[in-house]
>>> print(open('work-v1.csv').read())   # CSV, C-alpha atoms
chain,number,residue,atom,x,y,z
E,191,MET,CA,14.5,193.6,183.6
E,192,GLU,CA,14.7,195.8,180.5
E,193,MET,CA,16.6,194.3,177.6
E,194,ASN,CA,19.0,197.3,177.6
E,195,ALA,CA,19.7,197.3,181.3
E,196,PHE,CA,23.2,195.8,181.0
E,197,GLU,CA,24.1,198.3,178.2
E,198,LEU,CA,22.8,201.2,180.2
E,199,ALA,CA,24.9,200.2,183.2
E,200,CYS,CA,27.9,199.9,181.0
E,201,GLN,CA,27.3,203.4,179.5
E,202,GLN,CA,26.9,204.8,183.0
E,203,SER,CA,30.3,203.4,183.9
E,204,GLY,CA,31.8,205.2,181.0
E,205,TYR,CA,32.0,202.5,178.3
E,206,LYS,CA,31.1,203.6,174.8
E,207,GLN,CA,31.5,200.6,172.5
E,208,ILE,CA,29.6,197.7,174.0
E,209,ALA,CA,29.6,194.4,172.1
E,210,GLY,CA,27.1,191.6,172.6
E,211,ILE,CA,28.4,188.2,171.8
E,212,ASP,CA,26.7,184.8,171.2
E,213,GLU,CA,27.2,181.6,169.3
E,214,ALA,CA,25.1,179.1,167.3
E,215,GLY,CA,25.7,175.5,166.7
E,216,ARG,CA,27.2,174.4,169.9
E,217,GLY,CA,24.7,171.5,170.3
E,218,ALA,CA,24.7,170.4,166.7
E,219,LEU,CA,26.2,167.1,165.5
E,220,ALA,CA,27.5,168.5,162.2
E,221,GLY,CA,28.9,171.7,160.8
E,222,PRO,CA,30.8,174.6,162.4
E,223,VAL,CA,30.1,176.6,165.5
E,224,ILE,CA,29.5,180.2,164.6
E,225,ALA,CA,29.8,183.3,166.8
E,226,ALA,CA,28.7,186.8,166.2
E,227,ALA,CA,29.7,190.1,168.0
E,228,VAL,CA,27.6,193.1,167.5
E,229,ILE,CA,27.9,196.8,168.6
E,230,LEU,CA,24.6,198.6,168.4
E,231,PRO,CA,24.1,202.3,168.4
E,232,THR,CA,22.9,203.7,171.7
E,233,HIS,CA,20.3,206.0,170.2
E,234,ARG,CA,18.2,203.6,168.2
E,235,ARG,CA,16.1,200.6,169.2
E,236,ILE,CA,15.2,197.7,166.9
E,237,GLU,CA,11.6,196.7,167.3
E,238,GLY,CA,11.0,193.1,168.2
E,239,LEU,CA,14.7,192.3,169.0
E,240,ARG,CA,14.9,189.3,171.4
E,241,ASP,CA,16.5,185.9,171.8
E,242,SER,CA,16.7,184.2,168.4
E,243,LYS,CA,15.1,181.0,169.8
E,244,GLN,CA,11.9,183.0,170.4
E,245,LEU,CA,11.6,184.1,166.8
E,246,SER,CA,10.4,182.4,163.6
E,247,PRO,CA,12.8,182.0,160.7
E,248,LYS,CA,11.0,184.9,158.9
E,249,GLN,CA,11.3,187.2,161.9
E,250,ARG,CA,15.0,186.3,162.3
E,251,ALA,CA,15.7,187.0,158.6
E,252,HIS,CA,14.0,190.4,158.9
E,253,LEU,CA,15.9,191.3,162.1
E,254,PHE,CA,19.2,190.1,160.6
E,255,ASP,CA,18.9,192.6,157.8
E,256,GLU,CA,17.9,195.4,160.2
E,257,ILE,CA,20.7,194.6,162.7
E,258,ARG,CA,23.2,194.6,159.8
E,259,ASP,CA,21.9,197.9,158.5
E,260,VAL,CA,22.0,199.8,161.9
E,261,ALA,CA,25.0,198.2,163.7
E,262,VAL,CA,28.0,200.3,164.5
E,263,SER,CA,30.0,197.2,163.8
E,264,MET,CA,29.4,193.5,163.4
E,265,GLY,CA,31.8,190.5,163.3
E,266,VAL,CA,31.3,186.8,162.6
E,267,GLY,CA,33.7,184.0,163.6
E,268,SER,CA,33.5,180.4,162.5
E,269,VAL,CA,35.3,177.2,163.8
E,270,ASP,CA,34.9,174.1,161.8
E,271,HIS,CA,34.0,170.5,162.8
E,272,GLN,CA,37.7,169.4,162.8
E,273,ALA,CA,38.7,172.1,165.2
E,274,ILE,CA,35.7,171.3,167.4
E,275,ASP,CA,36.9,167.7,167.6
E,276,ARG,CA,40.5,168.8,168.3
E,277,LEU,CA,39.7,171.5,170.9
E,278,ASN,CA,36.3,170.5,172.4
E,279,ILE,CA,33.1,172.4,171.8
E,280,LEU,CA,33.5,175.0,174.6
E,281,GLU,CA,37.0,176.0,173.5
E,282,ALA,CA,35.8,176.0,169.9
E,283,ALA,CA,32.9,178.3,170.8
E,284,LEU,CA,35.2,180.7,172.7
E,285,LEU,CA,37.6,180.7,169.7
E,286,ALA,CA,34.7,181.6,167.4
E,287,MET,CA,33.8,184.4,169.7
E,288,ARG,CA,37.4,185.7,169.7
E,289,LYS,CA,37.4,185.7,165.9
E,290,ALA,CA,34.1,187.6,165.8
E,291,VAL,CA,35.4,190.2,168.3
E,292,GLU,CA,38.6,190.7,166.3
E,293,LYS,CA,36.6,191.7,163.3
E,294,LEU,CA,34.9,194.6,165.0
E,295,THR,CA,35.9,198.1,164.0
E,296,PRO,CA,35.9,200.1,166.2
E,297,SER,CA,37.0,197.6,168.8
E,298,PRO,CA,34.7,197.3,171.8
E,299,ASP,CA,35.7,198.6,175.2
E,300,TYR,CA,33.3,196.2,177.0
E,301,ILE,CA,31.8,192.9,176.0
E,302,LEU,CA,28.6,191.2,177.1
E,303,VAL,CA,28.7,187.4,176.4
E,304,ASP,CA,25.9,184.8,176.6
E,305,GLY,CA,26.8,182.0,178.9
E,306,LEU,CA,29.3,181.4,181.7
E,307,HIS,CA,32.7,182.1,180.0
E,308,LEU,CA,34.4,185.0,178.4
E,309,PRO,CA,36.6,184.6,175.3
E,310,GLU,CA,40.2,185.7,175.8
E,311,VAL,CA,40.2,189.0,173.9
E,312,GLY,CA,41.9,191.3,176.4
E,313,ILE,CA,38.7,193.3,176.8
E,314,VAL,CA,36.8,193.7,180.1
E,315,GLY,CA,33.3,192.3,180.2
E,316,GLU,CA,30.9,189.9,181.8
E,317,ALA,CA,29.3,186.6,181.0
E,318,ILE,CA,25.6,186.5,181.4
E,319,PRO,CA,23.7,183.1,181.7
E,320,LYS,CA,20.7,183.2,179.3
E,321,GLY,CA,22.1,186.6,178.2
E,322,ASP,CA,20.3,186.3,174.8
E,323,SER,CA,17.0,186.9,176.7
E,324,LYS,CA,18.4,189.6,179.0
E,325,SER,CA,20.6,191.8,176.8
E,326,TYR,CA,19.7,193.8,173.7
E,327,SER,CA,23.2,193.4,172.3
E,328,ILE,CA,23.5,189.7,173.0
E,329,ALA,CA,20.1,189.1,171.4
E,330,ALA,CA,21.3,190.9,168.3
E,331,ALA,CA,24.4,188.7,168.2
E,332,SER,CA,22.3,185.5,168.7
E,333,ILE,CA,20.2,186.4,165.6
E,334,ILE,CA,23.3,187.1,163.5
E,335,ALA,CA,25.0,183.9,164.6
E,336,LYS,CA,21.8,181.8,164.1
E,337,VAL,CA,20.9,183.1,160.7
E,338,THR,CA,24.4,182.9,159.4
E,339,ARG,CA,24.8,179.3,160.5
E,340,ASP,CA,21.3,178.2,159.3
E,341,ARG,CA,22.1,179.7,155.9
E,342,LEU,CA,25.4,177.8,155.7
E,343,MET,CA,23.7,174.5,156.6
E,344,ILE,CA,21.1,175.1,153.9
E,345,GLU,CA,23.9,175.6,151.4
E,346,LEU,CA,25.5,172.3,152.6
E,347,ASP,CA,22.3,170.4,152.2
E,348,PRO,CA,22.7,169.6,148.4
E,349,ILE,CA,26.3,168.6,149.0
E,350,TYR,CA,25.3,166.1,151.6
E,351,PRO,CA,21.7,165.3,150.5
E,352,ASN,CA,21.2,162.2,152.7
E,353,TYR,CA,21.1,164.0,156.0
E,354,GLY,CA,18.4,166.7,155.7
E,355,PHE,CA,20.6,169.6,156.9
E,356,SER,CA,18.2,172.2,155.5
E,357,ARG,CA,15.6,171.0,157.9
E,358,HIS,CA,17.4,170.4,161.2
E,359,LYS,CA,20.6,172.4,160.5
E,360,GLY,CA,22.7,169.6,161.9
E,361,TYR,CA,21.0,169.3,165.3
E,362,PRO,CA,20.3,165.9,166.8
E,363,THR,CA,16.7,165.3,165.6
E,364,SER,CA,15.4,161.7,165.3
E,365,GLN,CA,15.4,162.1,161.5
E,366,HIS,CA,19.1,163.2,161.6
E,367,ARG,CA,20.1,160.3,163.8
E,368,GLN,CA,18.3,157.9,161.5
E,369,ALA,CA,20.2,159.2,158.5
E,370,ILE,CA,23.5,158.8,160.3
E,371,ALA,CA,22.5,155.2,161.2
E,372,GLN,CA,21.6,154.5,157.6
E,373,PHE,CA,24.4,156.3,155.8
E,374,GLY,CA,27.1,156.7,158.4
E,375,ALA,CA,28.7,160.1,159.4
E,376,SER,CA,29.6,162.6,156.7
E,377,GLU,CA,32.9,164.4,156.5
E,378,ILE,CA,31.3,167.4,158.3
E,379,HIS,CA,30.0,165.4,161.3
E,380,ARG,CA,31.8,166.0,164.6
E,381,ARG,CA,33.5,162.7,165.5
E,382,THR,CA,33.8,163.5,169.2
E,383,PHE,CA,30.0,163.9,169.5
E,384,LYS,CA,27.7,161.0,170.3
E,385,LEU,CA,26.2,160.6,166.8
E,386,LEU,CA,24.0,157.6,167.5
E,387,PRO,CA,21.7,156.6,170.4
E,388,ASP,CA,22.7,153.6,172.5
E,389,ALA,CA,21.7,150.3,171.0
>>> encode(input="work-v1.csv", output="structure tokens")
Amino acid sequence: MEMNAFELACQQSGYKQIAGIDEAGRGALAGPVIAAAVILPTHRRIEGLRDSKQLSPKQRAHLFDEIRDVAVSMGVGSVDHQAIDRLNILEAALLAMRKAVEKLTPSPDYILVDGLHLPEVGIVGEAIPKGDSKSYSIAAASIIAKVTRDRLMIELDPIYPNYGFSRHKGYPTSQHRQAIAQFGASEIHRRTFKLLPDA
């Protein structure tokens, strides 16, 4: 399947402003979940655009700048660790997506969302499992969300120097779990997540 197949199908159905939506940080133990919504121009392709997980940090940074430069519109939404604990991670991710969509100007008339669920934004769309590897627009959103969140976690590293956030970005690596075992949870850790392995 071509990466723009979903977008072409939408255009053929008469939709003009098609937004791809994805999130980053859903599986992390600390920090926010961040979502991005991106409307790309139909007439221009971005070379090398694909799922952020398939790219190096340098490639993601380059594509982040290009997406930002060529996008018709781009929105980013963030939901912090406290709201994640209060809502649960799925609802928090959907809320971050809704916030991202609400920042788009013009508003989309169709949304393509990575995963199984659509945010409640009053816009028709479809949820696409593994959509970041199937849709051009979702891949762009995955890069914006990932780079935005990674940069935030790097900024938080010197504030919480015991945890190594600049290296693992809050995800559950063995190094991260060892730091939690040694120093306890920081104020930005998600209390409803399983922070430590079973004894």
>>> atom_distance(input="work-v1.csv", atom1="atom CA of E:Ala251", atom2="atom CA of E:Ile334")
9.0 Å
>>> atom_distance(input="work-v1.csv", atom1="atom CA of E:Leu280", atom2="atom CA of E:Ala214")
11.9 Å
>>> residues_near_point(input="work-v1.csv", point="(30.5, 169.5, 162.6)", cutoff="7 Å", atoms="all atoms listed in the file", output="ChimeraX atom specification")
/E:219-222,270-271,378-380
>>> closest_residue(input="work-v1.csv", among="E:Gly312, E:Gly267, E:Gly374, E:Gly305", to="E:Ile328", atoms="only C-alpha atoms")
E:Gly305
>>> atom_distance(input="work-v1.csv", atom1="atom CA of E:Asp304", atom2="atom CA of E:Ala331")
9.4 Å
>>> closest_residue(input="work-v1.csv", among="E:Arg367, E:Arg381, E:Ala282, E:Arg216", to="E:Gly354", atoms="all atoms listed in the file")
E:Arg367
>>> residues_around(input="work-v1.csv", residues="E:Ser325", least_positions_apart="6", cutoff="10 Å", atoms="all atoms listed in the file", output="MDAnalysis selection string")
chainID E and resid 191:197 210:211 239:241 302:304 318 331
>>> closest_residue(input="work-v1.csv", among="E:Lys248, E:Arg341, E:Lys336, E:Lys206", to="E:Ala225", atoms="all atoms listed in the file")
E:Lys336
>>> closest_residue(input="work-v1.csv", among="E:Val269, E:Ala226, E:Leu386, E:Ile333", to="E:Gly238", atoms="all atoms listed in the file")
E:Ile333
>>> residues_around(input="work-v1.csv", residues="stretch 358-363 of chain E", least_positions_apart="2", cutoff="6 Å", atoms="all atoms listed in the file", output="list of chain:residue names")
E:Ala218, E:Leu219, E:Ala220, E:Asp340, E:Met343, E:Phe355, E:Ser356, E:Gln365, E:His366
>>> closest_residue(input="work-v1.csv", among="E:Val314, E:Leu385, E:Ala375, E:Ile257", to="E:Cys200", atoms="all atoms listed in the file")
E:Val314
>>> residues_near_point(input="work-v1.csv", point="(33.3, 189.3, 163.8)", cutoff="10 Å", atoms="all atoms listed in the file", output="NGL selection string")
:E and (211 or 224-228 or 263-268 or 286-295 or 331 or 335)
>>> closest_residue(input="work-v1.csv", among="E:Thr232, E:Ser327, E:Ser376, E:Gln368", to="E:Gln201", atoms="only C-alpha atoms")
E:Thr232
>>> residues_around(input="work-v1.csv", residues="stretch 234-237 of chain E", least_positions_apart="5", cutoff="12 Å", atoms="all atoms listed in the file", output="list in words")
Met193, Asn194, Ile229, Gln249, His252, Leu253, Phe254, Asp255, Glu256, Ile257, Arg258, Asp259, Val260, Ala261, Val262, Tyr326, Ser327, Ala329 and Ala330 of chain E
>>> residues_around(input="work-v1.csv", residues="E:Leu306", least_positions_apart="4", cutoff="9 Å", atoms="only C-alpha atoms", output="ChimeraX atom specification")
/E:316-319
>>> axis_aligned_box(input="work-v1.csv", around="stretch 318-337 of chain E", padding_each_side="4 Å", output="lines of an AutoDock Vina configuration file")
center_x = 21.3
center_y = 187.8
center_z = 171.2
size_x = 16.6
size_y = 20.0
size_z = 29.0
